[in-house]
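Trainee: My file is final36.cif. It has mmCIF, C-alpha atoms:
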```cif
data_input
loop_
_atom_site.label_atom_id
_atom_site.label_comp_id
_atom_site.auth_asym_id
_atom_site.auth_seq_id
_atom_site.Cartn_x
_atom_site.Cartn_y
_atom_site.Cartn_z
CA MET U 1 85.84 106.94 72.60
CA VAL U 2 85.80 103.17 73.12
CA ASP U 3 87.53 101.98 76.27
CA LYS U 4 90.57 99.82 75.68
CA ASP U 5 91.59 96.89 77.83
CA ILE U 6 94.30 97.69 80.39
CA VAL U 7 97.68 96.21 81.25
CA VAL U 8 99.24 97.12 84.60
CA ILE U 9 102.98 97.66 84.89
CA GLY U 10 104.08 96.15 88.19
CA TYR U 11 102.05 93.42 89.86
CA SER U 12 102.12 93.19 93.65
CA GLY U 13 100.18 94.73 96.54
CA HIS U 14 99.89 98.25 95.14
CA ALA U 15 98.86 96.85 91.77
CA TYR U 16 96.04 94.87 93.36
CA VAL U 17 94.54 98.15 94.57
CA ALA U 18 94.97 99.62 91.09
CA VAL U 19 93.16 96.67 89.52
CA ASP U 20 90.27 97.10 91.96
CA ILE U 21 90.05 100.77 91.00
CA CYS U 22 89.90 99.83 87.31
CA ILE U 23 87.14 97.33 88.05
CA SER U 24 85.19 100.02 89.96
CA MET U 25 85.39 102.14 86.79
CA GLY U 26 84.00 99.32 84.67
CA LYS U 27 87.32 98.77 82.94
CA LYS U 28 88.90 95.41 82.14
CA VAL U 29 92.48 94.60 83.17
CA ILE U 30 93.80 91.73 81.07
CA GLY U 31 97.50 91.49 81.83
CA TYR U 32 100.55 92.67 83.70
CA VAL U 33 104.18 93.55 83.05
CA ASP U 34 106.86 92.80 85.64
CA ILE U 35 110.49 91.71 85.86
CA GLU U 36 109.27 88.12 86.17
CA GLU U 37 106.08 86.08 86.13
CA LYS U 38 104.40 86.15 89.54
CA LYS U 39 103.40 83.02 91.46
CA GLN U 40 100.68 85.01 93.23
CA ASN U 41 98.13 86.11 90.66
CA PRO U 42 94.85 86.93 92.44
CA TYR U 43 93.23 88.44 89.35
CA GLN U 44 94.39 85.70 86.95
CA LEU U 45 96.04 88.20 84.64
CA LEU U 46 98.15 87.22 81.66
CA PHE U 47 101.91 87.82 82.03
CA TRP U 48 102.93 90.12 79.18
CA GLY U 49 106.63 89.87 79.89
CA SER U 50 109.36 91.99 81.43
CA GLU U 51 109.89 95.65 80.63
CA LYS U 52 113.65 95.06 80.55
CA ASN U 53 115.13 95.21 77.02
CA ASN U 54 111.89 94.18 75.36
CA PRO U 55 111.17 96.28 72.24
CA SER U 56 108.24 94.11 71.22
CA LEU U 57 106.53 94.87 74.52
CA ILE U 58 106.66 98.60 73.82
CA GLN U 59 104.92 97.98 70.51
CA LYS U 60 102.21 95.95 72.25
CA LEU U 61 101.69 98.60 74.91
CA SER U 62 101.20 101.27 72.25
CA SER U 63 97.99 99.56 71.13
CA ILE U 64 96.41 99.24 74.59
CA ASP U 65 95.87 101.31 77.72
CA CYS U 66 98.42 100.85 80.50
CA PHE U 67 98.83 101.98 84.08
CA ILE U 68 102.03 102.08 86.15
CA SER U 69 100.98 100.31 89.35
CA ILE U 70 104.22 100.80 91.31
CA GLY U 71 104.23 102.53 94.69
CA ASN U 72 107.91 103.53 94.74
CA ASN U 73 108.17 107.10 93.44
CA THR U 74 111.61 106.71 91.84
CA ASP U 75 110.73 103.50 90.00
CA ARG U 76 107.41 104.92 88.83
CA GLN U 77 109.11 108.05 87.50
CA LYS U 78 111.71 106.01 85.62
CA ILE U 79 109.13 103.85 83.88
CA TYR U 80 106.85 106.82 83.15
CA THR U 81 109.76 108.68 81.55
CA GLU U 82 110.77 105.65 79.48
CA LEU U 83 107.22 105.19 78.21
CA SER U 84 106.92 108.89 77.40
CA THR U 85 109.91 108.67 75.07
CA GLN U 86 107.89 106.06 73.14
CA LEU U 87 104.80 108.35 73.15
CA ILE U 88 103.00 105.98 75.52
CA HIS U 89 101.02 107.84 78.19
CA PRO U 90 99.58 105.81 81.09
CA ILE U 91 95.93 106.39 81.88
CA THR U 92 94.56 107.97 85.04
CA ILE U 93 92.41 105.74 87.26
CA ILE U 94 89.90 107.10 89.77
CA HIS U 95 87.89 104.97 92.18
CA LYS U 96 84.16 105.56 91.97
CA THR U 97 83.93 106.34 95.72
CA SER U 98 86.46 109.19 95.56
CA PHE U 99 85.57 112.85 95.15
CA ILE U 100 87.34 115.14 92.70
CA SER U 101 86.23 118.73 92.30
CA PRO U 102 85.33 119.65 88.72
CA LYS U 103 87.66 122.61 89.24
CA ALA U 104 90.67 120.41 90.06
CA THR U 105 93.34 119.58 87.47
CA ILE U 106 94.54 115.98 87.23
CA GLY U 107 97.63 114.87 85.29
CA LYS U 108 98.34 111.68 83.35
CA GLY U 109 98.89 108.30 84.97
CA VAL U 110 97.39 109.39 88.31
CA MET U 111 95.83 106.94 90.78
CA VAL U 112 93.01 108.14 93.05
CA SER U 113 92.05 105.46 95.58
CA PRO U 114 88.78 104.74 97.42
CA GLN U 115 87.36 107.56 99.57
CA ALA U 116 90.09 110.02 98.57
CA CYS U 117 89.13 113.68 98.18
CA ILE U 118 90.66 116.32 95.89
CA ASN U 119 89.08 119.72 96.39
CA THR U 120 88.61 122.79 94.25
CA LEU U 121 91.51 124.29 92.26
CA ALA U 122 93.95 121.59 93.39
CA THR U 123 96.52 120.59 90.78
CA ILE U 124 97.76 116.99 90.70
CA GLY U 125 100.85 116.24 88.61
CA ASN U 126 101.63 113.23 86.44
CA ALA U 127 101.85 109.71 87.93
CA VAL U 128 100.84 110.89 91.40
CA ILE U 129 99.22 108.51 93.91
CA ILE U 130 96.40 109.88 96.06
CA ASN U 131 95.92 106.89 98.30
CA THR U 132 92.97 105.55 100.28
CA GLY U 133 91.11 108.21 102.26
CA ALA U 134 93.70 110.93 101.60
CA ILE U 135 92.52 114.55 101.46
CA VAL U 136 94.03 117.18 99.18
CA GLU U 137 92.44 120.51 99.99
CA HIS U 138 91.75 123.59 97.87
CA GLU U 139 94.48 125.14 95.73
CA CYS U 140 97.15 122.59 96.60
CA ILE U 141 99.82 121.66 94.08
CA ILE U 142 101.13 118.09 94.15
CA GLY U 143 104.23 117.60 91.99
CA ASP U 144 104.81 114.78 89.52
CA PHE U 145 105.55 111.28 90.89
CA SER U 146 104.60 112.12 94.47
CA HIS U 147 102.61 109.83 96.77
CA ILE U 148 100.02 110.99 99.30
CA ALA U 149 99.65 107.92 101.51
CA PRO U 150 96.43 106.60 103.11
CA GLY U 151 94.68 108.99 105.47
CA ALA U 152 97.07 111.90 104.91
CA VAL U 153 95.57 115.39 105.06
CA ILE U 154 97.04 118.15 102.89
CA CYS U 155 95.47 121.44 103.98
CA GLY U 156 94.76 124.35 101.65
CA ASN U 157 97.37 126.12 99.52
CA VAL U 158 100.12 123.57 100.15
CA ASN U 159 102.78 123.15 97.45
CA ILE U 160 104.49 119.72 97.30
CA GLY U 161 107.42 119.09 94.97
CA THR U 162 108.34 116.21 92.68
CA GLY U 163 108.85 112.66 93.97
CA THR U 164 107.81 113.40 97.55
CA LEU U 165 106.16 110.92 99.92
CA ILE U 166 103.64 112.12 102.49
CA GLY U 167 103.23 109.24 104.94
CA ALA U 168 100.04 107.63 106.20
CA ASN U 169 97.92 109.89 108.44
CA ALA U 170 100.41 112.76 108.16
CA VAL U 171 99.00 116.30 108.30
CA VAL U 172 100.40 119.27 106.41
CA ARG U 173 99.17 122.65 107.67
CA PRO U 174 97.95 125.33 105.22
CA ASN U 175 100.32 127.39 103.07
CA ILE U 176 103.30 125.07 103.59
CA LYS U 177 105.87 124.44 100.87
CA ILE U 178 107.51 120.99 100.74
CA GLY U 179 110.41 120.41 98.37
CA ASN U 180 111.36 117.66 95.95
CA ASN U 181 112.17 114.08 97.04
CA VAL U 182 111.07 114.67 100.63
CA ILE U 183 109.87 111.89 102.94
CA ILE U 184 107.28 112.85 105.54
CA GLY U 185 106.88 110.03 108.04
CA ALA U 186 103.61 108.39 109.01
CA GLY U 187 101.62 110.51 111.45
CA ALA U 188 103.92 113.53 111.14
CA VAL U 189 102.58 117.06 111.48
CA VAL U 190 104.22 119.54 109.11
CA VAL U 191 104.08 123.12 110.42
CA LYS U 192 106.88 124.78 108.49
CA ASN U 193 108.43 124.65 105.01
CA ILE U 194 110.57 121.59 104.26
CA PRO U 195 113.59 121.78 101.91
CA ASP U 196 114.46 119.33 99.12
CA GLY U 197 115.68 115.88 100.12
CA SER U 198 114.63 116.09 103.77
CA LYS U 199 113.10 113.43 106.01
CA VAL U 200 110.58 114.49 108.65
CA ILE U 201 109.34 112.46 111.61
CA GLY U 202 106.95 113.41 114.39
CA ASN U 203 106.64 117.06 113.47
CA SER U 204 108.56 119.37 111.20
CA GLN U 205 110.84 120.47 114.02
CA ILE U 206 112.65 117.14 113.49
CA VAL U 207 114.21 117.23 110.04
CA TYR U 208 116.93 114.96 108.67
CA LYS U 209 118.88 115.55 105.46
#
```
Starting from the file, give its structure as C-alpha coordinates.
Mentor:
Amino acid sequence: MVDKDIVVIGYSGHAYVAVDICISMGKKVIGYVDIEEKKQNPYQLLFWGSEKNNPSLIQKLSSIDCFISIGNNTDRQKIYTELSTQLIHPITIIHKTSFISPKATIGKGVMVSPQACINTLATIGNAVIINTGAIVEHECIIGDFSHIAPGAVICGNVNIGTGTLIGANAVVRPNIKIGNNVIIGAGAVVVKNIPDGSKVIGNSQIVYK
(Lines of atoms letter the chains of each structure in order from A and count residues from 1; the text may use other names and numbers.)
(Lines give C-alpha, C1' and ligand atoms only; values in the text may rest on other atoms or scores of the structure.)
Protein backbone atom coordinates (compact mmCIF):
# COMPACT_ATOMS: atom_id res chain seq x y z
CA MET A 1 0.00 0.00 0.00
CA VAL A 2 1.36 3.42 -0.97
CA ASP A 3 1.47 5.96 1.84
CA LYS A 4 -0.76 8.96 1.35
CA ASP A 5 0.08 12.48 2.43
CA ILE A 6 -1.48 13.52 5.74
CA VAL A 7 -3.63 16.42 6.88
CA VAL A 8 -3.92 17.09 10.62
CA ILE A 9 -7.21 18.24 12.12
CA GLY A 10 -6.39 20.82 14.77
CA TYR A 11 -3.16 22.79 14.65
CA SER A 12 -1.63 23.95 17.93
CA GLY A 13 0.75 22.50 20.53
CA HIS A 14 -0.61 18.95 20.54
CA ALA A 15 -0.64 18.93 16.74
CA TYR A 16 3.02 19.89 16.62
CA VAL A 17 3.84 16.69 18.51
CA ALA A 18 1.64 14.72 16.11
CA VAL A 19 3.45 16.18 13.11
CA ASP A 20 6.81 15.21 14.62
CA ILE A 21 5.53 11.67 15.10
CA CYS A 22 4.47 11.53 11.44
CA ILE A 23 7.89 12.75 10.39
CA SER A 24 9.55 10.06 12.55
CA MET A 25 7.49 7.51 10.60
CA GLY A 26 8.68 8.88 7.28
CA LYS A 27 5.27 10.32 6.47
CA LYS A 28 4.57 13.72 4.93
CA VAL A 29 2.13 16.16 6.53
CA ILE A 30 0.99 18.70 3.95
CA GLY A 31 -1.84 20.64 5.56
CA TYR A 32 -4.09 21.32 8.51
CA VAL A 33 -7.76 21.88 9.28
CA ASP A 34 -8.83 24.29 12.02
CA ILE A 35 -11.56 26.80 12.81
CA GLU A 36 -9.32 29.52 11.39
CA GLU A 37 -5.96 29.98 9.71
CA LYS A 38 -3.16 30.06 12.28
CA LYS A 39 -0.60 32.86 12.52
CA GLN A 40 1.87 30.42 14.07
CA ASN A 41 2.73 27.78 11.51
CA PRO A 42 6.05 26.14 12.48
CA TYR A 43 5.77 23.39 9.87
CA GLN A 44 4.62 25.69 7.04
CA LEU A 45 1.52 23.61 6.40
CA LEU A 46 -1.21 24.60 3.98
CA PHE A 47 -4.50 25.72 5.58
CA TRP A 48 -7.20 23.42 4.21
CA GLY A 49 -10.06 25.35 5.78
CA SER A 50 -12.44 24.99 8.69
CA GLU A 51 -14.30 21.80 9.52
CA LYS A 52 -17.42 23.86 10.26
CA ASN A 53 -20.16 23.47 7.61
CA ASN A 54 -17.71 22.64 4.86
CA PRO A 55 -18.95 19.73 2.70
CA SER A 56 -16.17 20.17 0.16
CA LEU A 57 -13.60 19.61 2.89
CA ILE A 58 -15.10 16.22 3.72
CA GLN A 59 -14.72 15.23 0.07
CA LYS A 60 -11.07 16.32 0.09
CA LEU A 61 -10.35 14.43 3.30
CA SER A 62 -11.78 11.24 1.82
CA SER A 63 -8.93 11.14 -0.71
CA ILE A 64 -6.09 11.61 1.79
CA ASP A 65 -4.99 10.34 5.19
CA CYS A 66 -5.95 12.48 8.17
CA PHE A 67 -5.21 12.53 11.88
CA ILE A 68 -7.19 14.27 14.64
CA SER A 69 -4.48 16.18 16.51
CA ILE A 70 -6.65 17.57 19.31
CA GLY A 71 -5.82 16.88 22.96
CA ASN A 72 -9.29 17.53 24.40
CA ASN A 73 -11.10 14.20 24.67
CA THR A 74 -14.60 15.56 24.07
CA ASP A 75 -13.62 17.56 20.99
CA ARG A 76 -11.63 14.66 19.57
CA GLN A 77 -14.56 12.29 20.05
CA LYS A 78 -16.97 14.69 18.34
CA ILE A 79 -14.78 15.09 15.27
CA TYR A 80 -13.98 11.37 15.12
CA THR A 81 -17.69 10.55 15.21
CA GLU A 82 -18.50 13.12 12.52
CA LEU A 83 -15.78 11.74 10.24
CA SER A 84 -16.94 8.18 10.83
CA THR A 85 -20.41 9.04 9.52
CA GLN A 86 -18.65 10.01 6.27
CA LEU A 87 -16.65 6.74 6.28
CA ILE A 88 -13.44 8.65 6.99
CA HIS A 89 -11.20 6.86 9.50
CA PRO A 90 -8.20 8.75 10.90
CA ILE A 91 -4.89 6.92 10.80
CA THR A 92 -2.91 5.75 13.81
CA ILE A 93 0.50 7.36 14.33
CA ILE A 94 3.29 5.75 16.36
CA HIS A 95 6.62 7.38 17.12
CA LYS A 96 9.60 5.26 16.13
CA THR A 97 11.06 5.41 19.67
CA SER A 98 7.96 3.91 21.31
CA PHE A 99 7.48 0.23 22.09
CA ILE A 100 4.29 -1.64 21.28
CA SER A 101 4.03 -5.35 21.97
CA PRO A 102 3.11 -7.40 18.90
CA LYS A 103 0.41 -8.92 21.13
CA ALA A 104 -1.22 -5.53 21.85
CA THR A 105 -4.32 -4.34 20.00
CA ILE A 106 -4.39 -0.75 18.76
CA GLY A 107 -7.51 1.03 17.48
CA LYS A 108 -7.96 3.65 14.76
CA GLY A 109 -6.79 7.23 15.07
CA VAL A 110 -4.47 6.48 18.02
CA MET A 111 -1.40 8.58 18.84
CA VAL A 112 1.59 6.93 20.52
CA SER A 113 4.22 9.50 21.47
CA PRO A 114 8.01 9.23 21.92
CA GLN A 115 9.27 6.70 24.49
CA ALA A 116 5.77 5.42 25.29
CA CYS A 117 5.36 1.72 26.06
CA ILE A 118 2.33 -0.53 25.46
CA ASN A 119 2.90 -4.04 26.74
CA THR A 120 1.54 -7.45 25.88
CA LEU A 121 -2.22 -8.05 25.49
CA ALA A 122 -3.08 -4.41 26.15
CA THR A 123 -6.06 -3.10 24.18
CA ILE A 124 -6.09 0.55 23.10
CA GLY A 125 -9.39 1.97 21.83
CA ASN A 126 -10.03 4.40 18.99
CA ALA A 127 -8.59 7.94 19.04
CA VAL A 128 -6.68 7.34 22.27
CA ILE A 129 -3.56 9.37 23.14
CA ILE A 130 -0.67 7.53 24.77
CA ASN A 131 1.53 10.51 25.49
CA THR A 132 5.28 10.95 25.91
CA GLY A 133 6.89 8.33 28.16
CA ALA A 134 3.58 6.86 29.31
CA ILE A 135 3.47 3.16 30.22
CA VAL A 136 0.47 0.92 29.63
CA GLU A 137 1.18 -2.46 31.16
CA HIS A 138 0.02 -5.97 30.25
CA GLU A 139 -3.66 -6.72 29.71
CA CYS A 140 -4.87 -3.17 30.25
CA ILE A 141 -7.91 -1.87 28.42
CA ILE A 142 -7.96 1.82 27.50
CA GLY A 143 -11.37 3.00 26.27
CA ASP A 144 -12.02 5.11 23.18
CA PHE A 145 -11.08 8.82 23.28
CA SER A 146 -9.07 8.56 26.49
CA HIS A 147 -5.75 10.32 27.11
CA ILE A 148 -2.85 8.85 29.06
CA ALA A 149 -0.72 11.93 29.75
CA PRO A 150 3.10 12.15 29.77
CA GLY A 151 4.85 9.91 32.27
CA ALA A 152 1.69 8.20 33.54
CA VAL A 153 2.01 4.56 34.57
CA ILE A 154 -0.94 2.22 34.11
CA CYS A 155 -0.13 -1.05 35.87
CA GLY A 156 -1.31 -4.47 34.72
CA ASN A 157 -4.95 -5.46 34.22
CA VAL A 158 -6.32 -1.93 34.59
CA ASN A 159 -9.58 -1.12 32.78
CA ILE A 160 -10.11 2.55 31.83
CA GLY A 161 -13.39 3.75 30.35
CA THR A 162 -14.25 6.09 27.49
CA GLY A 163 -13.12 9.72 27.43
CA THR A 164 -11.01 9.52 30.58
CA LEU A 165 -7.90 11.60 31.28
CA ILE A 166 -5.04 10.13 33.30
CA GLY A 167 -2.85 13.10 34.27
CA ALA A 168 0.90 13.49 33.89
CA ASN A 169 2.95 11.18 36.13
CA ALA A 170 -0.17 9.63 37.66
CA VAL A 171 0.06 5.98 38.73
CA VAL A 172 -2.79 3.49 38.57
CA ARG A 173 -2.22 0.32 40.61
CA PRO A 174 -2.94 -3.14 39.12
CA ASN A 175 -6.46 -4.49 38.66
CA ILE A 176 -8.15 -1.10 39.07
CA LYS A 177 -11.28 -0.15 37.14
CA ILE A 178 -11.73 3.52 36.18
CA GLY A 179 -15.02 4.65 34.68
CA ASN A 180 -15.99 6.87 31.76
CA ASN A 181 -15.19 10.60 31.60
CA VAL A 182 -12.99 10.51 34.69
CA ILE A 183 -10.20 13.02 35.35
CA ILE A 184 -7.20 11.74 37.29
CA GLY A 185 -5.01 14.67 38.32
CA ALA A 186 -1.30 14.99 37.65
CA GLY A 187 0.77 12.91 40.06
CA ALA A 188 -2.25 11.14 41.56
CA VAL A 189 -2.00 7.57 42.81
CA VAL A 190 -5.11 5.49 42.12
CA VAL A 191 -5.52 2.61 44.59
CA LYS A 192 -9.22 1.84 44.29
CA ASN A 193 -11.91 1.74 41.59
CA ILE A 194 -13.16 5.12 40.36
CA PRO A 195 -16.77 5.63 39.20
CA ASP A 196 -17.91 7.45 36.06
CA GLY A 197 -17.55 11.23 35.97
CA SER A 198 -15.24 11.51 38.99
CA LYS A 199 -12.23 13.76 39.54
CA VAL A 200 -9.31 12.43 41.57
CA ILE A 201 -6.44 14.42 43.07
CA GLY A 202 -3.54 13.29 45.22
CA ASN A 203 -4.73 9.74 45.71
CA SER A 204 -7.98 7.94 45.10
CA GLN A 205 -9.17 8.61 48.64
CA ILE A 206 -9.96 12.15 47.42
CA VAL A 207 -12.71 11.86 44.84
CA TYR A 208 -14.94 14.65 43.53
CA LYS A 209 -18.09 14.15 41.46
Trainee: So the first atom is atom CA of Ile30 of chain U and the second is atom CA of Cys117 of chain U; what is the distance between them in Å, to one decimal place?
Mentor: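 One can read the atom CA of Ile30 of chain U to atom CA of Cys117 of chain U distance as 28.2 Å.
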Trainee: Take the PyMOL selection byres ((chain U and resi 80) around 8), run it mentally on this structure, and tell me the resulting residues as JSON, numbers by chain.
Mentor: {"U": [68, 76, 77, 78, 79, 81, 82, 83, 84, 89, 90, 127]}
Trainee: Taking the file as shown, what set of residues would the PyMOL selection byres ((chain U and resi 194-200) around 12) give back, as a ChimeraX atom specification?
Mentor: /U:158-167,170-173,175-193,201-209
Trainee: Residues picked by the PyMOL selection byres ((chain U and resi 105) around 10) here, as an mmCIF file with C-alpha atoms, in the frame of the given file?
Mentor:
```cif
data_model
loop_
_atom_site.group_PDB
_atom_site.id
_atom_site.type_symbol
_atom_site.label_atom_id
_atom_site.label_comp_id
_atom_site.auth_asym_id
_atom_site.auth_seq_id
_atom_site.Cartn_x
_atom_site.Cartn_y
_atom_site.Cartn_z
ATOM 1 C CA ILE U 100 87.340 115.140 92.700
ATOM 2 C CA SER U 101 86.230 118.730 92.300
ATOM 3 C CA PRO U 102 85.330 119.650 88.720
ATOM 4 C CA LYS U 103 87.660 122.610 89.240
ATOM 5 C CA ALA U 104 90.670 120.410 90.060
ATOM 6 C CA ILE U 106 94.540 115.980 87.230
ATOM 7 C CA GLY U 107 97.630 114.870 85.290
ATOM 8 C CA ILE U 118 90.660 116.320 95.890
ATOM 9 C CA ASN U 119 89.080 119.720 96.390
ATOM 10 C CA THR U 120 88.610 122.790 94.250
ATOM 11 C CA LEU U 121 91.510 124.290 92.260
ATOM 12 C CA ALA U 122 93.950 121.590 93.390
ATOM 13 C CA THR U 123 96.520 120.590 90.780
ATOM 14 C CA ILE U 124 97.760 116.990 90.700
ATOM 15 C CA GLY U 125 100.850 116.240 88.610
ATOM 16 C CA ILE U 141 99.820 121.660 94.080
#
```
Trainee: Quick check, in Å to one decimal: how far apart do atom CA of Thr85 of chain U and atom CA of Ser62 of chain U lie?
Mentor: 11.8 Å
Trainee: For a test of reading the model, state the distance in Å between atom CA of Gln115 of chain U and atom CA of Thr132 of chain U, rounded to one decimal.
Mentor: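 According to the coordinates, atom CA of Gln115 of chain U and atom CA of Thr132 of chain U are separated by 6.0 Å.
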